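Here is the file coords.pdb (PDB, C-alpha atoms, pLDDT in the B column).
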ATOM      1  CA  VAL C   1     145.294 -31.400  52.795  1.00 53.00           C
ATOM      2  CA  TYR C   2     146.355 -29.044  50.048  1.00 53.00           C
ATOM      3  CA  ALA C   3     145.831 -29.132  46.300  1.00 60.00           C
ATOM      4  CA  ARG C   4     146.879 -26.253  44.087  1.00 66.00           C
ATOM      5  CA  SER C   5     143.871 -26.480  41.829  1.00 67.00           C
ATOM      6  CA  ASP C   6     140.222 -26.841  42.734  1.00 70.00           C
ATOM      7  CA  GLU C   7     139.949 -29.737  40.287  1.00 73.00           C
ATOM      8  CA  LEU C   8     142.329 -31.875  42.355  1.00 75.00           C
ATOM      9  CA  ARG C   9     140.792 -31.190  45.778  1.00 78.00           C
ATOM     10  CA  PRO C  10     138.061 -33.902  45.796  1.00 79.00           C
ATOM     11  CA  PHE C  11     140.574 -36.535  44.678  1.00 81.00           C
ATOM     12  CA  VAL C  12     143.165 -35.450  47.258  1.00 79.00           C
ATOM     13  CA  HIS C  13     140.478 -35.388  49.953  1.00 82.00           C
ATOM     14  CA  ALA C  14     139.445 -38.975  49.121  1.00 84.00           C
ATOM     15  CA  LEU C  15     143.083 -40.063  49.399  1.00 84.00           C
ATOM     16  CA  TRP C  16     143.664 -38.128  52.610  1.00 85.00           C
ATOM     17  CA  THR C  17     140.629 -39.504  54.411  1.00 84.00           C
ATOM     18  CA  GLY C  18     141.477 -43.045  53.382  1.00 78.00           C
ATOM     19  CA  ALA C  19     138.129 -43.486  51.674  1.00 75.00           C
ATOM     20  CA  ARG C  20     139.374 -46.066  49.168  1.00 78.00           C
ATOM     21  CA  GLN C  21     135.862 -46.518  47.706  1.00 82.00           C
ATOM     22  CA  ALA C  22     135.765 -42.765  46.932  1.00 84.00           C
ATOM     23  CA  VAL C  23     139.119 -42.743  45.111  1.00 88.00           C
ATOM     24  CA  HIS C  24     137.775 -44.580  42.060  1.00 87.00           C
ATOM     25  CA  PRO C  25     134.938 -42.136  41.193  1.00 88.00           C
ATOM     26  CA  GLU C  26     137.105 -39.116  41.988  1.00 85.00           C
ATOM     27  CA  LEU C  27     139.881 -40.423  39.744  1.00 86.00           C
ATOM     28  CA  VAL C  28     137.456 -40.987  36.880  1.00 88.00           C
ATOM     29  CA  ALA C  29     136.048 -37.459  37.318  1.00 86.00           C
ATOM     30  CA  LEU C  30     139.507 -35.882  37.467  1.00 82.00           C
ATOM     31  CA  SER C  31     140.609 -33.665  34.593  1.00 76.00           C
ATOM     32  CA  THR C  32     143.930 -34.749  33.123  1.00 74.00           C
ATOM     33  CA  SER C  33     144.402 -31.770  30.853  1.00 74.00           C
ATOM     34  CA  PRO C  34     147.938 -30.355  30.769  1.00 71.00           C
ATOM     35  CA  ARG C  35     146.636 -27.225  32.459  1.00 71.00           C
ATOM     36  CA  PHE C  36     145.867 -29.158  35.646  1.00 71.00           C
ATOM     37  CA  VAL C  37     148.130 -32.214  35.514  1.00 79.00           C
ATOM     38  CA  SER C  38     151.830 -32.134  34.695  1.00 80.00           C
ATOM     39  CA  SER C  39     153.776 -35.292  33.948  1.00 82.00           C
ATOM     40  CA  VAL C  40     155.046 -35.454  37.533  1.00 83.00           C
ATOM     41  CA  VAL C  41     151.561 -34.928  38.988  1.00 83.00           C
ATOM     42  CA  ALA C  42     150.147 -37.608  36.651  1.00 87.00           C
ATOM     43  CA  ARG C  43     152.683 -40.096  38.018  1.00 88.00           C
ATOM     44  CA  ARG C  44     151.833 -39.126  41.593  1.00 87.00           C
ATOM     45  CA  ILE C  45     148.115 -39.543  40.900  1.00 88.00           C
ATOM     46  CA  ALA C  46     148.677 -43.006  39.426  1.00 91.00           C
ATOM     47  CA  GLU C  47     150.811 -44.044  42.393  1.00 91.00           C
ATOM     48  CA  ALA C  48     148.577 -42.546  45.093  1.00 88.00           C
ATOM     49  CA  SER C  49     145.415 -44.047  43.636  1.00 91.00           C
ATOM     50  CA  ARG C  50     147.097 -47.446  43.237  1.00 92.00           C
ATOM     51  CA  LEU C  51     145.994 -47.379  39.638  1.00 93.00           C
ATOM     52  CA  PRO C  52     147.067 -50.963  38.754  1.00 94.00           C
ATOM     53  CA  ASP C  53     144.986 -52.293  41.663  1.00 93.00           C
ATOM     54  CA  LEU C  54     141.988 -50.196  40.621  1.00 93.00           C
ATOM     55  CA  LEU C  55     142.251 -51.520  37.075  1.00 95.00           C
ATOM     56  CA  ASP C  56     142.428 -55.094  38.405  1.00 95.00           C
ATOM     57  CA  ARG C  57     139.324 -54.564  40.553  1.00 92.00           C
ATOM     58  CA  HIS C  58     137.355 -52.824  37.777  1.00 93.00           C
ATOM     59  CA  PRO C  59     138.491 -54.477  34.511  1.00 92.00           C
ATOM     60  CA  SER C  60     135.360 -53.553  32.558  1.00 94.00           C
ATOM     61  CA  ASP C  61     135.237 -49.886  33.611  1.00 94.00           C
ATOM     62  CA  THR C  62     135.940 -48.097  30.348  1.00 95.00           C
ATOM     63  CA  ASP C  63     135.952 -44.668  32.003  1.00 94.00           C
ATOM     64  CA  LEU C  64     138.681 -45.780  34.403  1.00 94.00           C
ATOM     65  CA  LEU C  65     140.655 -47.327  31.550  1.00 95.00           C
ATOM     66  CA  ALA C  66     140.388 -44.077  29.576  1.00 93.00           C
ATOM     67  CA  ARG C  67     141.566 -42.068  32.598  1.00 92.00           C
ATOM     68  CA  ALA C  68     144.506 -44.458  33.079  1.00 93.00           C
ATOM     69  CA  GLY C  69     145.436 -44.011  29.418  1.00 92.00           C
ATOM     70  CA  ARG C  70     145.305 -40.231  29.733  1.00 90.00           C
ATOM     71  CA  LEU C  71     147.494 -40.340  32.825  1.00 90.00           C
ATOM     72  CA  LEU C  72     150.031 -42.479  30.981  1.00 89.00           C
ATOM     73  CA  VAL C  73     150.044 -40.016  28.092  1.00 87.00           C
ATOM     74  CA  ARG C  74     150.595 -37.131  30.533  1.00 85.00           C
ATOM     75  CA  MET C  75     153.440 -39.067  32.189  1.00 85.00           C
ATOM     76  CA  GLY C  76     155.047 -39.593  28.797  1.00 83.00           C
ATOM     77  CA  CYS C  77     154.879 -35.901  27.892  1.00 78.00           C
ATOM     78  CA  SER C  78     157.701 -34.960  30.226  1.00 65.00           C
ATOM     79  CA  ARG C  79     160.262 -32.510  28.943  1.00 66.00           C
ATOM     80  CA  ASP C  80     162.284 -33.037  32.087  1.00 56.00           C
ATOM     81  CA  GLU C  81     163.722 -36.468  32.479  1.00 59.00           C
ATOM     82  CA  PRO C  82     162.219 -39.035  30.056  1.00 58.00           C
ATOM     83  CA  THR C  83     163.510 -41.962  32.112  1.00 57.00           C
ATOM     84  CA  ARG C  84     161.117 -41.067  34.945  1.00 58.00           C
ATOM     85  CA  LEU C  85     158.381 -42.872  33.023  1.00 57.00           C
ATOM     86  CA  LEU C  86     160.300 -46.125  33.332  1.00 59.00           C
TER
END

Is it possible to express this structure as structure tokens?
Amino acid sequence: VYARSDELRPFVHALWTGARQAVHPELVALSTSPRFVSSVVARRIAEASRLPDLLDRHPSDTDLLARAGRLLVRMGCSRDEPTRLL
């Protein structure tokens, strides 16, 4: 398992080990600042964590909802190919 930044390592480890119950808290704790998460990485995080399923399972978790919103903002900040968000 490899993550370029220390901030991503716990999240990547939870995904790698298959510890689905650990993905949720690691995702919420994850920094989504542009320094650590590019638009492409934000999309990969959302896909790998199965973000829609997490939101369905935890509909009242405001921290998770805020993290999902930040990931969507990061995905939309792409200077590369804007259609990737679609």

Might you pull out every residue within 8 Å of segment 47-52 of chain C, with all atoms listed in the file counted and same-chain residues fewer than 2 positions away left off, and present them as a PyMOL selection string?
-> chain C and resi 15+23-24+27+43-45+54-56+68

Tell me, as a compact mmCIF listing (two decimals) with C-alpha atoms, in the frame of the given file, which residues lie within 12 Å of Phe11 of chain C, counting all atoms listed in the file; anything in the same chain fewer than 4 positions away does not count.
# COMPACT_ATOMS: atom_id res chain seq x y z
CA VAL C 1 145.29 -31.40 52.80
CA TYR C 2 146.35 -29.04 50.05
CA ALA C 3 145.83 -29.13 46.30
CA SER C 5 143.87 -26.48 41.83
CA ASP C 6 140.22 -26.84 42.73
CA GLU C 7 139.95 -29.74 40.29
CA LEU C 15 143.08 -40.06 49.40
CA TRP C 16 143.66 -38.13 52.61
CA THR C 17 140.63 -39.50 54.41
CA GLY C 18 141.48 -43.04 53.38
CA ALA C 19 138.13 -43.49 51.67
CA ARG C 20 139.37 -46.07 49.17
CA GLN C 21 135.86 -46.52 47.71
CA ALA C 22 135.76 -42.76 46.93
CA VAL C 23 139.12 -42.74 45.11
CA HIS C 24 137.78 -44.58 42.06
CA PRO C 25 134.94 -42.14 41.19
CA GLU C 26 137.10 -39.12 41.99
CA LEU C 27 139.88 -40.42 39.74
CA VAL C 28 137.46 -40.99 36.88
CA ALA C 29 136.05 -37.46 37.32
CA LEU C 30 139.51 -35.88 37.47
CA SER C 31 140.61 -33.66 34.59
CA ARG C 44 151.83 -39.13 41.59
CA ILE C 45 148.12 -39.54 40.90
CA ALA C 46 148.68 -43.01 39.43
CA ALA C 48 148.58 -42.55 45.09
CA SER C 49 145.42 -44.05 43.64

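Going from atom CA of Val37 of chain C over to atom CA of Leu64 of chain C, you cover 16.6 Å.
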
What gap, in Å, lies between atom CA of Leu8 of chain C and atom CA of Thr32 of chain C?
-> 9.8 Å

Option closest in space to Val73 of chain C, from C:Ala14, C:Phe36, C:Ala42, C:Ser60 [counting only C-alpha atoms] = C:Ala42

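Taking atom CA of Ser39 of chain C and atom CA of Pro59 of chain C as endpoints, the distance between them is 24.5 Å.
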
Would you give the centre and edge lengths, in Å to one decimal, of a box along x, y and z around the listed atoms of segment 6-24 of chain C, with 3 Å added to each side, as AutoDock Vina command-line options?
--center_x 139.7 --center_y -36.7 --center_z 47.3 --size_x 13.9 --size_y 25.7 --size_z 20.1

Measuring atom to atom with only C-alpha atoms, identify which of C:Gly76, C:Pro34, C:Arg67, C:Val41 is nearest to Val12 of chain C.
-> C:Val41
